[in-house]
Structures are given as C-alpha cells and as structure tokens.
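As stored in structure31.cif (mmCIF, C-alpha atoms; chains and numbers go by the auth columns):
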data_structure
#
loop_
_atom_site.group_PDB
_atom_site.id
_atom_site.type_symbol
_atom_site.label_atom_id
_atom_site.label_comp_id
_atom_site.label_asym_id
_atom_site.label_seq_id
_atom_site.Cartn_x
_atom_site.Cartn_y
_atom_site.Cartn_z
_atom_site.B_iso_or_equiv
_atom_site.auth_seq_id
_atom_site.auth_asym_id
ATOM 1 C CA MET A 1 31.825 -10.863 -11.445 0.00 1 A
ATOM 2 C CA LYS A 2 28.669 -12.795 -10.556 0.00 2 A
ATOM 3 C CA ILE A 3 27.331 -15.344 -13.031 0.00 3 A
ATOM 4 C CA SER A 4 23.866 -13.733 -12.771 0.00 4 A
ATOM 5 C CA GLU A 5 25.404 -10.462 -13.970 0.00 5 A
ATOM 6 C CA ILE A 6 27.388 -12.058 -16.776 0.00 6 A
ATOM 7 C CA LEU A 7 24.295 -13.940 -17.982 0.00 7 A
ATOM 8 C CA GLN A 8 22.242 -10.738 -17.537 0.00 8 A
ATOM 9 C CA ILE A 9 19.431 -12.537 -15.747 0.00 9 A
ATOM 10 C CA SER A 10 16.285 -10.434 -15.956 0.00 10 A
ATOM 11 C CA LYS A 11 13.177 -10.550 -13.803 0.00 11 A
ATOM 12 C CA GLY A 12 10.618 -13.197 -14.705 0.00 12 A
ATOM 13 C CA ILE A 13 11.299 -16.823 -15.587 0.00 13 A
ATOM 14 C CA THR A 14 14.744 -18.094 -16.492 0.00 14 A
ATOM 15 C CA SER A 15 14.745 -21.687 -17.749 0.00 15 A
ATOM 16 C CA ILE A 16 17.858 -23.864 -17.609 0.00 16 A
ATOM 17 C CA ILE A 17 18.260 -26.781 -20.016 0.00 17 A
ATOM 18 C CA GLY A 18 20.933 -29.121 -21.372 0.00 18 A
ATOM 19 C CA GLY A 19 23.593 -31.263 -19.725 0.00 19 A
ATOM 20 C CA CYS A 20 24.933 -31.780 -16.219 0.00 20 A
ATOM 21 C CA GLY A 21 25.409 -28.594 -14.197 0.00 21 A
ATOM 22 C CA LYS A 22 21.866 -27.244 -14.477 0.00 22 A
ATOM 23 C CA THR A 23 21.017 -27.609 -10.798 0.00 23 A
ATOM 24 C CA THR A 24 24.303 -26.059 -9.684 0.00 24 A
ATOM 25 C CA LEU A 25 23.722 -23.132 -12.036 0.00 25 A
ATOM 26 C CA MET A 26 20.144 -22.741 -10.798 0.00 26 A
ATOM 27 C CA LEU A 27 21.226 -22.679 -7.156 0.00 27 A
ATOM 28 C CA THR A 28 24.137 -20.319 -7.834 0.00 28 A
ATOM 29 C CA LEU A 29 21.863 -17.894 -9.672 0.00 29 A
ATOM 30 C CA ALA A 30 19.206 -18.177 -6.973 0.00 30 A
ATOM 31 C CA GLN A 31 21.628 -17.367 -4.149 0.00 31 A
ATOM 32 C CA GLU A 32 22.996 -14.355 -6.035 0.00 32 A
ATOM 33 C CA LEU A 33 19.600 -13.008 -7.066 0.00 33 A
ATOM 34 C CA ALA A 34 18.185 -13.391 -3.543 0.00 34 A
ATOM 35 C CA GLN A 35 20.531 -10.557 -2.565 0.00 35 A
ATOM 36 C CA VAL A 36 18.622 -8.153 -4.808 0.00 36 A
ATOM 37 C CA GLY A 37 15.082 -9.583 -4.965 0.00 37 A
ATOM 38 C CA THR A 38 12.782 -12.476 -4.153 0.00 38 A
ATOM 39 C CA VAL A 39 13.455 -15.812 -5.851 0.00 39 A
ATOM 40 C CA ILE A 40 11.511 -19.017 -6.486 0.00 40 A
ATOM 41 C CA ILE A 41 13.236 -22.096 -7.835 0.00 41 A
ATOM 42 C CA CYS A 42 11.273 -24.976 -9.333 0.00 42 A
ATOM 43 C CA THR A 43 11.310 -27.628 -12.018 0.00 43 A
ATOM 44 C CA SER A 44 9.128 -28.539 -14.973 0.00 44 A
ATOM 45 C CA THR A 45 10.561 -32.075 -14.870 0.00 45 A
ATOM 46 C CA ARG A 46 12.204 -33.679 -11.799 0.00 46 A
ATOM 47 C CA ILE A 47 15.092 -32.561 -9.561 0.00 47 A
ATOM 48 C CA LEU A 48 16.630 -33.653 -6.285 0.00 48 A
ATOM 49 C CA PRO A 49 15.514 -31.542 -3.303 0.00 49 A
ATOM 50 C CA PRO A 50 18.040 -28.728 -2.770 0.00 50 A
ATOM 51 C CA ASP A 51 19.708 -28.555 0.627 0.00 51 A
ATOM 52 C CA GLY A 52 19.079 -25.553 2.841 0.00 52 A
ATOM 53 C CA ILE A 53 16.229 -24.037 0.808 0.00 53 A
ATOM 54 C CA ARG A 54 12.713 -23.912 2.218 0.00 54 A
ATOM 55 C CA LEU A 55 10.336 -26.177 0.284 0.00 55 A
ATOM 56 C CA ILE A 56 6.737 -25.054 -0.235 0.00 56 A
ATOM 57 C CA THR A 57 4.234 -27.626 -1.505 0.00 57 A
ATOM 58 C CA SER A 58 1.118 -25.413 -1.308 0.00 58 A
ATOM 59 C CA ASN A 59 -0.702 -23.993 -4.327 0.00 59 A
ATOM 60 C CA ASP A 60 -2.105 -21.146 -2.195 0.00 60 A
ATOM 61 C CA SER A 61 -0.628 -17.973 -3.668 0.00 61 A
ATOM 62 C CA GLN A 62 -0.914 -16.125 -0.358 0.00 62 A
ATOM 63 C CA VAL A 63 1.105 -18.809 1.414 0.00 63 A
ATOM 64 C CA ILE A 64 3.808 -18.643 -1.276 0.00 64 A
ATOM 65 C CA VAL A 65 3.871 -14.832 -1.099 0.00 65 A
ATOM 66 C CA GLU A 66 4.338 -14.911 2.672 0.00 66 A
ATOM 67 C CA GLU A 67 7.087 -17.521 2.495 0.00 67 A
ATOM 68 C CA VAL A 68 9.109 -15.887 -0.274 0.00 68 A
ATOM 69 C CA THR A 69 8.761 -12.477 1.393 0.00 69 A
ATOM 70 C CA LYS A 70 10.090 -13.923 4.648 0.00 70 A
ATOM 71 C CA HIS A 71 12.886 -16.105 3.252 0.00 71 A
ATOM 72 C CA ARG A 72 13.638 -14.321 -0.087 0.00 72 A
ATOM 73 C CA LEU A 73 14.520 -17.684 -1.660 0.00 73 A
ATOM 74 C CA ILE A 74 12.202 -20.716 -1.671 0.00 74 A
ATOM 75 C CA CYS A 75 11.601 -23.855 -3.708 0.00 75 A
ATOM 76 C CA VAL A 76 8.043 -24.556 -4.878 0.00 76 A
ATOM 77 C CA SER A 77 6.920 -28.082 -5.798 0.00 77 A
ATOM 78 C CA GLU A 78 3.960 -30.426 -5.602 0.00 78 A
ATOM 79 C CA GLY A 79 6.174 -32.661 -3.472 0.00 79 A
ATOM 80 C CA THR A 80 8.391 -35.662 -4.095 0.00 80 A
ATOM 81 C CA ASP A 81 7.821 -38.682 -6.310 0.00 81 A
ATOM 82 C CA GLU A 82 8.525 -42.327 -5.471 0.00 82 A
ATOM 83 C CA LYS A 83 12.238 -41.745 -6.159 0.00 83 A
ATOM 84 C CA GLY A 84 12.433 -38.785 -3.798 0.00 84 A
ATOM 85 C CA LYS A 85 12.685 -36.212 -6.577 0.00 85 A
ATOM 86 C CA LEU A 86 10.782 -32.946 -6.569 0.00 86 A
ATOM 87 C CA MET A 87 7.949 -32.583 -9.063 0.00 87 A
ATOM 88 C CA THR A 88 6.505 -29.537 -10.807 0.00 88 A
ATOM 89 C CA PRO A 89 4.623 -26.976 -8.686 0.00 89 A
ATOM 90 C CA LEU A 90 0.872 -27.320 -8.198 0.00 90 A
ATOM 91 C CA MET A 91 0.563 -23.715 -9.342 0.00 91 A
ATOM 92 C CA ASP A 92 1.288 -22.956 -12.992 0.00 92 A
ATOM 93 C CA ILE A 93 4.951 -21.940 -13.204 0.00 93 A
ATOM 94 C CA ASN A 94 4.043 -18.961 -15.395 0.00 94 A
ATOM 95 C CA GLU A 95 1.882 -17.592 -12.557 0.00 95 A
ATOM 96 C CA LEU A 96 4.798 -17.591 -10.128 0.00 96 A
ATOM 97 C CA THR A 97 6.139 -14.457 -11.842 0.00 97 A
ATOM 98 C CA SER A 98 3.398 -12.470 -10.084 0.00 98 A
ATOM 99 C CA ILE A 99 4.726 -13.664 -6.713 0.00 99 A
ATOM 100 C CA ALA A 100 8.538 -13.418 -6.943 0.00 100 A
ATOM 101 C CA ASP A 101 10.922 -11.142 -8.809 0.00 101 A
ATOM 102 C CA TYR A 102 12.860 -14.089 -10.233 0.00 102 A
ATOM 103 C CA VAL A 103 11.711 -17.606 -11.072 0.00 103 A
ATOM 104 C CA ILE A 104 14.490 -20.053 -11.948 0.00 104 A
ATOM 105 C CA CYS A 105 13.196 -23.269 -13.522 0.00 105 A
ATOM 106 C CA GLU A 106 15.227 -26.373 -14.251 0.00 106 A
ATOM 107 C CA ALA A 107 13.421 -27.439 -17.404 0.00 107 A
ATOM 108 C CA ASP A 108 15.355 -30.492 -18.570 0.00 108 A
ATOM 109 C CA GLY A 109 17.018 -33.720 -17.475 0.00 109 A
ATOM 110 C CA ALA A 110 20.297 -35.312 -18.584 0.00 110 A
ATOM 111 C CA LYS A 111 20.977 -38.185 -16.158 0.00 111 A
ATOM 112 C CA ARG A 112 24.053 -36.279 -14.912 0.00 112 A
ATOM 113 C CA LEU A 113 25.806 -36.496 -18.293 0.00 113 A
ATOM 114 C CA PRO A 114 27.738 -33.476 -19.663 0.00 114 A
ATOM 115 C CA LEU A 115 26.022 -33.322 -23.056 0.00 115 A
ATOM 116 C CA LYS A 116 22.502 -33.920 -24.276 0.00 116 A
ATOM 117 C CA ALA A 117 20.347 -34.141 -27.379 0.00 117 A
ATOM 118 C CA HIS A 118 16.614 -33.707 -27.002 0.00 118 A
ATOM 119 C CA ALA A 119 13.624 -35.865 -27.812 0.00 119 A
ATOM 120 C CA ASP A 120 10.592 -34.225 -29.416 0.00 120 A
ATOM 121 C CA TYR A 121 8.927 -33.646 -26.029 0.00 121 A
ATOM 122 C CA GLU A 122 11.983 -31.989 -24.492 0.00 122 A
ATOM 123 C CA PRO A 123 12.857 -29.579 -22.969 0.00 123 A
ATOM 124 C CA VAL A 124 9.785 -28.499 -20.972 0.00 124 A
ATOM 125 C CA ILE A 125 10.220 -24.711 -21.051 0.00 125 A
ATOM 126 C CA PRO A 126 7.497 -22.586 -19.383 0.00 126 A
ATOM 127 C CA GLU A 127 5.620 -20.533 -21.936 0.00 127 A
ATOM 128 C CA SER A 128 6.520 -17.132 -20.479 0.00 128 A
ATOM 129 C CA SER A 129 10.207 -17.861 -19.944 0.00 129 A
ATOM 130 C CA ALA A 130 12.168 -14.641 -20.367 0.00 130 A
ATOM 131 C CA GLN A 131 15.347 -16.464 -21.321 0.00 131 A
ATOM 132 C CA THR A 132 16.633 -20.020 -21.585 0.00 132 A
ATOM 133 C CA ILE A 133 20.190 -20.934 -20.669 0.00 133 A
ATOM 134 C CA LEU A 134 21.589 -24.002 -22.472 0.00 134 A
ATOM 135 C CA VAL A 135 24.248 -25.732 -20.361 0.00 135 A
ATOM 136 C CA ILE A 136 26.922 -28.067 -21.699 0.00 136 A
ATOM 137 C CA GLY A 137 29.796 -29.638 -19.783 0.00 137 A
ATOM 138 C CA ALA A 138 33.258 -29.109 -21.254 0.00 138 A
ATOM 139 C CA ASP A 139 34.302 -32.385 -19.631 0.00 139 A
ATOM 140 C CA GLY A 140 32.301 -34.154 -22.354 0.00 140 A
ATOM 141 C CA ILE A 141 34.705 -32.945 -25.047 0.00 141 A
ATOM 142 C CA GLY A 142 37.086 -35.686 -26.162 0.00 142 A
ATOM 143 C CA LYS A 143 34.869 -38.520 -24.971 0.00 143 A
ATOM 144 C CA ARG A 144 32.725 -40.921 -26.988 0.00 144 A
ATOM 145 C CA ILE A 145 29.166 -39.853 -27.693 0.00 145 A
ATOM 146 C CA ASP A 146 27.747 -43.066 -26.246 0.00 146 A
ATOM 147 C CA GLU A 147 29.692 -42.449 -23.011 0.00 147 A
ATOM 148 C CA THR A 148 29.122 -38.750 -22.434 0.00 148 A
ATOM 149 C CA CYS A 149 25.793 -37.818 -24.056 0.00 149 A
ATOM 150 C CA HIS A 150 22.216 -38.296 -22.894 0.00 150 A
ATOM 151 C CA ARG A 151 20.210 -39.645 -25.849 0.00 151 A
ATOM 152 C CA PRO A 152 23.385 -40.560 -27.788 0.00 152 A
ATOM 153 C CA GLU A 153 21.478 -41.886 -30.795 0.00 153 A
ATOM 154 C CA ILE A 154 19.847 -38.482 -31.335 0.00 154 A
ATOM 155 C CA TYR A 155 23.094 -36.637 -30.637 0.00 155 A
ATOM 156 C CA ALA A 156 25.004 -38.704 -33.210 0.00 156 A
ATOM 157 C CA ARG A 157 22.250 -38.302 -35.806 0.00 157 A
ATOM 158 C CA LEU A 158 22.168 -34.519 -35.386 0.00 158 A
ATOM 159 C CA ALA A 159 25.968 -34.361 -35.646 0.00 159 A
ATOM 160 C CA GLY A 160 26.095 -36.678 -38.648 0.00 160 A
ATOM 161 C CA VAL A 161 28.526 -39.054 -36.951 0.00 161 A
ATOM 162 C CA LYS A 162 28.513 -42.435 -35.188 0.00 162 A
ATOM 163 C CA GLN A 163 27.723 -43.037 -31.527 0.00 163 A
ATOM 164 C CA ASP A 164 31.228 -44.335 -30.856 0.00 164 A
ATOM 165 C CA ASP A 165 32.845 -41.208 -32.309 0.00 165 A
ATOM 166 C CA LYS A 166 34.435 -38.753 -29.882 0.00 166 A
ATOM 167 C CA VAL A 167 32.876 -35.352 -29.300 0.00 167 A
ATOM 168 C CA ASN A 168 34.940 -32.370 -30.415 0.00 168 A
ATOM 169 C CA SER A 169 34.119 -28.670 -30.552 0.00 169 A
ATOM 170 C CA GLU A 170 32.745 -28.934 -34.097 0.00 170 A
ATOM 171 C CA ILE A 171 30.388 -31.782 -33.182 0.00 171 A
ATOM 172 C CA ALA A 172 29.179 -30.054 -30.028 0.00 172 A
ATOM 173 C CA ALA A 173 28.524 -26.829 -31.949 0.00 173 A
ATOM 174 C CA ARG A 174 26.744 -28.695 -34.759 0.00 174 A
ATOM 175 C CA VAL A 175 24.257 -30.261 -32.349 0.00 175 A
ATOM 176 C CA ILE A 176 23.605 -26.914 -30.671 0.00 176 A
ATOM 177 C CA GLU A 177 22.944 -25.287 -34.035 0.00 177 A
ATOM 178 C CA GLU A 178 20.744 -28.153 -35.229 0.00 178 A
ATOM 179 C CA GLU A 179 18.549 -28.060 -32.126 0.00 179 A
ATOM 180 C CA LYS A 180 18.281 -24.248 -31.906 0.00 180 A
ATOM 181 C CA LEU A 181 17.371 -24.316 -28.219 0.00 181 A
ATOM 182 C CA GLY A 182 18.168 -21.652 -25.668 0.00 182 A
ATOM 183 C CA THR A 183 18.860 -17.937 -25.837 0.00 183 A
ATOM 184 C CA LYS A 184 22.352 -18.184 -24.297 0.00 184 A
ATOM 185 C CA LEU A 185 24.972 -20.902 -24.000 0.00 185 A
ATOM 186 C CA PHE A 186 26.863 -21.613 -20.790 0.00 186 A
ATOM 187 C CA ILE A 187 29.851 -23.949 -21.079 0.00 187 A
ATOM 188 C CA ASN A 188 30.614 -25.285 -17.598 0.00 188 A
ATOM 189 C CA LYS A 189 33.659 -27.131 -16.203 0.00 189 A
ATOM 190 C CA VAL A 190 36.144 -25.205 -18.312 0.00 190 A
ATOM 191 C CA GLU A 191 39.082 -25.769 -15.974 0.00 191 A
ATOM 192 C CA SER A 192 42.143 -26.182 -18.194 0.00 192 A
ATOM 193 C CA GLU A 193 43.851 -24.268 -20.993 0.00 193 A
ATOM 194 C CA GLU A 194 42.924 -27.036 -23.422 0.00 194 A
ATOM 195 C CA LEU A 195 39.234 -26.770 -22.554 0.00 195 A
ATOM 196 C CA TRP A 196 39.320 -22.972 -22.825 0.00 196 A
ATOM 197 C CA ILE A 197 40.546 -23.442 -26.396 0.00 197 A
ATOM 198 C CA GLU A 198 37.690 -25.879 -27.108 0.00 198 A
ATOM 199 C CA ALA A 199 35.128 -23.550 -25.504 0.00 199 A
ATOM 200 C CA LYS A 200 36.372 -20.664 -27.641 0.00 200 A
ATOM 201 C CA LYS A 201 36.015 -22.807 -30.780 0.00 201 A
ATOM 202 C CA ILE A 202 32.431 -23.708 -29.848 0.00 202 A
ATOM 203 C CA SER A 203 31.571 -20.048 -29.244 0.00 203 A
ATOM 204 C CA GLU A 204 32.826 -19.168 -32.726 0.00 204 A
ATOM 205 C CA LEU A 205 30.684 -21.863 -34.345 0.00 205 A
ATOM 206 C CA VAL A 206 27.347 -21.127 -32.674 0.00 206 A
ATOM 207 C CA LYS A 207 25.039 -18.147 -32.961 0.00 207 A
ATOM 208 C CA LEU A 208 24.187 -18.022 -29.257 0.00 208 A
ATOM 209 C CA PRO A 209 25.873 -15.545 -26.909 0.00 209 A
ATOM 210 C CA THR A 210 28.339 -17.772 -25.047 0.00 210 A
ATOM 211 C CA ILE A 211 29.664 -17.658 -21.499 0.00 211 A
ATOM 212 C CA ALA A 212 32.235 -20.186 -20.287 0.00 212 A
ATOM 213 C CA GLY A 213 33.834 -20.998 -16.968 0.00 213 A
ATOM 214 C CA SER A 214 33.601 -23.117 -13.863 0.00 214 A
ATOM 215 C CA LEU A 215 30.749 -23.041 -11.363 0.00 215 A
ATOM 216 C CA ARG A 216 32.977 -24.983 -8.976 0.00 216 A
ATOM 217 C CA LYS A 217 35.686 -22.314 -9.101 0.00 217 A
ATOM 218 C CA GLY A 218 33.369 -19.340 -9.513 0.00 218 A
ATOM 219 C CA GLU A 219 35.224 -18.193 -12.624 0.00 219 A
ATOM 220 C CA TYR A 220 33.441 -17.071 -15.801 0.00 220 A
ATOM 221 C CA LYS A 221 33.889 -14.934 -18.888 0.00 221 A
ATOM 222 C CA CYS A 222 32.083 -14.062 -22.089 0.00 222 A
ATOM 223 C CA LEU A 223 33.506 -15.541 -25.273 0.00 223 A
#
Give the structure from the file, written as structure tokens.
Amino acid sequence: MKISEILQISKGITSIIGGCGKTTLMLTLAQELAQVGTVIICTSTRILPPDGIRLITSNDSQVIVEEVTKHRLICVSEGTDEKGKLMTPLMDINELTSIADYVICEADGAKRLPLKAHADYEPVIPESSAQTILVIGADGIGKRIDETCHRPEIYARLAGVKQDDKVNSEIAARVIEEEKLGTKLFINKVESEELWIEAKKISELVKLPTIAGSLRKGEYKCL
C-alpha cells in the first residue's frame, strides 16, 4: 500500500516536520500523488534541491500553473541561498493551493539527525496546512540524546532527563506529547524486530495516529 494512502493525504497543504527523513517522505508522497493530481513541493525553511524535479523560481501564478499542468510535479522556490539550499517560494505557500491539487511543504530542519525538539520559532507550518506529519527516526532509539537529537538541550528538558541519557520509547513519546506538534506521527527506519517493538510502544504512549515503517524498503503499517 502506498504511504500517501496510509497517511490519508488530502488535497491542500501537507506539512512535514521533525527529524531526518522529511525530504525522502516529501519526495515519496509527491511521486505517488502526481499519479492522481498535480503536485507542488516547497519549503518554509531550507532544503537541498531535489534531483529530477523541475524547479520554478517565478512568482507569476500563470507560469506556475502552466508548469505544473505540463509536468504534474514541480518544486517552487525563490532560488538557492549561499549554501546552495532552496529557499521559500516568492509566492505565499498558502496561495499555491489554488494552483495545484497537492502542496507538500518541508516545514522544519533537523541537521540530518533522527530526533528533534523545537525552539519557540519552529516549526514553520503554513497557516492553511491541512495536516502536519511529524517524522522521527527509529534509528535514534538507544542512542544518547546529545548524539542523536537536534536541539538536545531542549529535548532533554522536555523529557526530564539528562543530555547524555539514551533515548528509549518512553522518552521519545514524552517529548512528542510535550510538544503537541503534528496531526500524525510517522516513525521511519523501522527495519528490525527490535525497532518494531519500540515503535509499537511509542504508538501506545502518544495520542497521534501513528504509522511506522521504512521509506527505504517501501514498507509501512498503521500501529
């Protein structure tokens, strides 16, 4: 079953936040959804330019309409910054919903770490986002907070533990519940029986609908 079907991605804006795996999830969803509608991917922060997807840097709605109609899947951005990363679109992300059926926005950064806690100004979720998928990497379970978490000082504080403590399912769930971000939880990189057990524990401790699996393997299920 497709991840877009399991996550029940609806038309409008879907924001993706949390730890490492956001871009892969965004691109996987975009490729699936382009089979049934038109799709724009973008960011409200910074992302690396995706390979093989047409990049549009115009803020002319007619240009964007023509491009997404022709290609079905495009990336919209102001352009790249000094580090070569794509910036937010010139057009308000909320307005892109009048141009494409689906808008997938990567709305967070995690410096490629599996787990993340958020500063006050994060994540940057578009106002009219229909749903927000919180991503965590199961490969962060069993590792020290200061090794596997972006913003480890905030993560440890929210969990009520020390930065050199190891993350377990209870700690991961506690941070998710403390932050209360997202409408669904996706646990990525669940690729062993041990990690399936941990993912199941997390799902039982959080209030969010939870999907777990492996984007790399294309295997997913609801917990």
Counting only C-alpha atoms, what are the residues of range 40-113 of chain A within 7 Å of range 3-26 of chain A, and for each of them which pair of atoms is the nearest and at what distance in Å, to one decimal? Sort the table by chain and rising number, as JSON lines.
{"residue": "A:Thr97", "atom": "CA", "partner": "A:Gly12", "partner_atom": "CA", "distance": 5.5}
{"residue": "A:Asp101", "atom": "CA", "partner": "A:Lys11", "partner_atom": "CA", "distance": 5.5}
{"residue": "A:Tyr102", "atom": "CA", "partner": "A:Lys11", "partner_atom": "CA", "distance": 5.0}
{"residue": "A:Val103", "atom": "CA", "partner": "A:Ile13", "partner_atom": "CA", "distance": 4.6}
{"residue": "A:Ile104", "atom": "CA", "partner": "A:Thr14", "partner_atom": "CA", "distance": 5.0}
{"residue": "A:Cys105", "atom": "CA", "partner": "A:Ser15", "partner_atom": "CA", "distance": 4.8}
{"residue": "A:Glu106", "atom": "CA", "partner": "A:Ile16", "partner_atom": "CA", "distance": 4.9}
{"residue": "A:Ala107", "atom": "CA", "partner": "A:Ile17", "partner_atom": "CA", "distance": 5.5}
{"residue": "A:Asp108", "atom": "CA", "partner": "A:Ile17", "partner_atom": "CA", "distance": 4.9}
{"residue": "A:Ala110", "atom": "CA", "partner": "A:Gly19", "partner_atom": "CA", "distance": 5.3}
{"residue": "A:Arg112", "atom": "CA", "partner": "A:Cys20", "partner_atom": "CA", "distance": 4.8}
{"residue": "A:Leu113", "atom": "CA", "partner": "A:Cys20", "partner_atom": "CA", "distance": 5.2}
**Study point:** Ground truth for the PyMOL selection byres ((chain A and resi 140) around 12), written as a PyMOL selection string
**Key:** chain A and resi 19-20+112-116+135-139+141-150+166-169+171-172+187-190+195+198-199
Return as JSON the centre and edge lengths, in Å with one decimal, of the box along x, y and z that encloses every atom of range 142-146 of chain A in the file, padded by 8 Å per side.
{"center_x": 32.4, "center_y": -39.4, "center_z": -26.3, "size_x": 25.3, "size_y": 23.4, "size_z": 18.7}
Review point. What gap, in Å, lies between CA of Ile197 in chain A and CA of Glu179 in chain A?
Key: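 So the two atoms, CA of Ile197 in chain A and CA of Glu179 in chain A, lie 23.2 Å apart.
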Practice item. Please evaluate the PyMOL selection byres ((chain A and resi 95) around 12) against the displayed coordinates and give the resulting residues as a VMD selection string. Key: chain A and resid 12 to 13 40 59 to 61 64 to 65 89 to 94 96 to 103 126 to 129
Output C-alpha atoms of each residue in that selection to a file, as a short mmCIF file (atom, residue, chain, number, x, y, z; two decimals), keeping the file's coordinate frame.
data_model
loop_
_atom_site.label_atom_id
_atom_site.label_comp_id
_atom_site.auth_asym_id
_atom_site.auth_seq_id
_atom_site.Cartn_x
_atom_site.Cartn_y
_atom_site.Cartn_z
CA GLY A 12 10.62 -13.20 -14.70
CA ILE A 13 11.30 -16.82 -15.59
CA ILE A 40 11.51 -19.02 -6.49
CA ASN A 59 -0.70 -23.99 -4.33
CA ASP A 60 -2.10 -21.15 -2.19
CA SER A 61 -0.63 -17.97 -3.67
CA ILE A 64 3.81 -18.64 -1.28
CA VAL A 65 3.87 -14.83 -1.10
CA PRO A 89 4.62 -26.98 -8.69
CA LEU A 90 0.87 -27.32 -8.20
CA MET A 91 0.56 -23.72 -9.34
CA ASP A 92 1.29 -22.96 -12.99
CA ILE A 93 4.95 -21.94 -13.20
CA ASN A 94 4.04 -18.96 -15.40
CA LEU A 96 4.80 -17.59 -10.13
CA THR A 97 6.14 -14.46 -11.84
CA SER A 98 3.40 -12.47 -10.08
CA ILE A 99 4.73 -13.66 -6.71
CA ALA A 100 8.54 -13.42 -6.94
CA ASP A 101 10.92 -11.14 -8.81
CA TYR A 102 12.86 -14.09 -10.23
CA VAL A 103 11.71 -17.61 -11.07
CA PRO A 126 7.50 -22.59 -19.38
CA GLU A 127 5.62 -20.53 -21.94
CA SER A 128 6.52 -17.13 -20.48
CA SER A 129 10.21 -17.86 -19.94
#
Once the PyMOL selection byres ((chain A and resi 218) around 10) has been evaluated on this model, what residues remain selected, and can you format them as a CSV table (one decimal) with C-alpha atoms, in the frame of the given file?
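Written file, out.csv:
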chain,number,residue,atom,x,y,z
A,1,MET,CA,31.8,-10.9,-11.4
A,2,LYS,CA,28.7,-12.8,-10.6
A,3,ILE,CA,27.3,-15.3,-13.0
A,28,THR,CA,24.1,-20.3,-7.8
A,213,GLY,CA,33.8,-21.0,-17.0
A,214,SER,CA,33.6,-23.1,-13.9
A,215,LEU,CA,30.7,-23.0,-11.4
A,216,ARG,CA,33.0,-25.0,-9.0
A,217,LYS,CA,35.7,-22.3,-9.1
A,219,GLU,CA,35.2,-18.2,-12.6
A,220,TYR,CA,33.4,-17.1,-15.8
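Each of A:Ile211, A:Leu73, A:Cys222, A:Ile47 was compared to Gln35 in chain A using all atoms listed in the file, and A:Leu73 turns out to be the nearest.
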Practice item. Enter the distance from CA of Pro49 in chain A to CA of Gly84 in chain A, in Å, rounded to one decimal. Key: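 The value is 7.9 Å.
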Review point. Which is closest to Thr132 in chain A among A:Thr57, A:Leu48, A:Phe186, A:Val206, if we use only C-alpha atoms?
Key: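 The shortest atom-to-atom distance to Thr132 in chain A comes from A:Phe186.
Going from CA of Val36 in chain A to CA of Val76 in chain A covers 19.5 Å.
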Review point. Closest to Val175 in chain A among A:Val124, A:Ala117, A:Leu55, A:Ala212, using all atoms listed in the file?
Key: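 Ranked by minimum distance to Val175 in chain A, first place goes to A:Ala117.
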Point to revise | Contacts of Arg72 in chain A at 8 Å (only C-alpha atoms; same-chain gap of 4+ positions) as JSON, numbers by chain | key: {"A": [34, 37, 38, 39, 67, 68]}
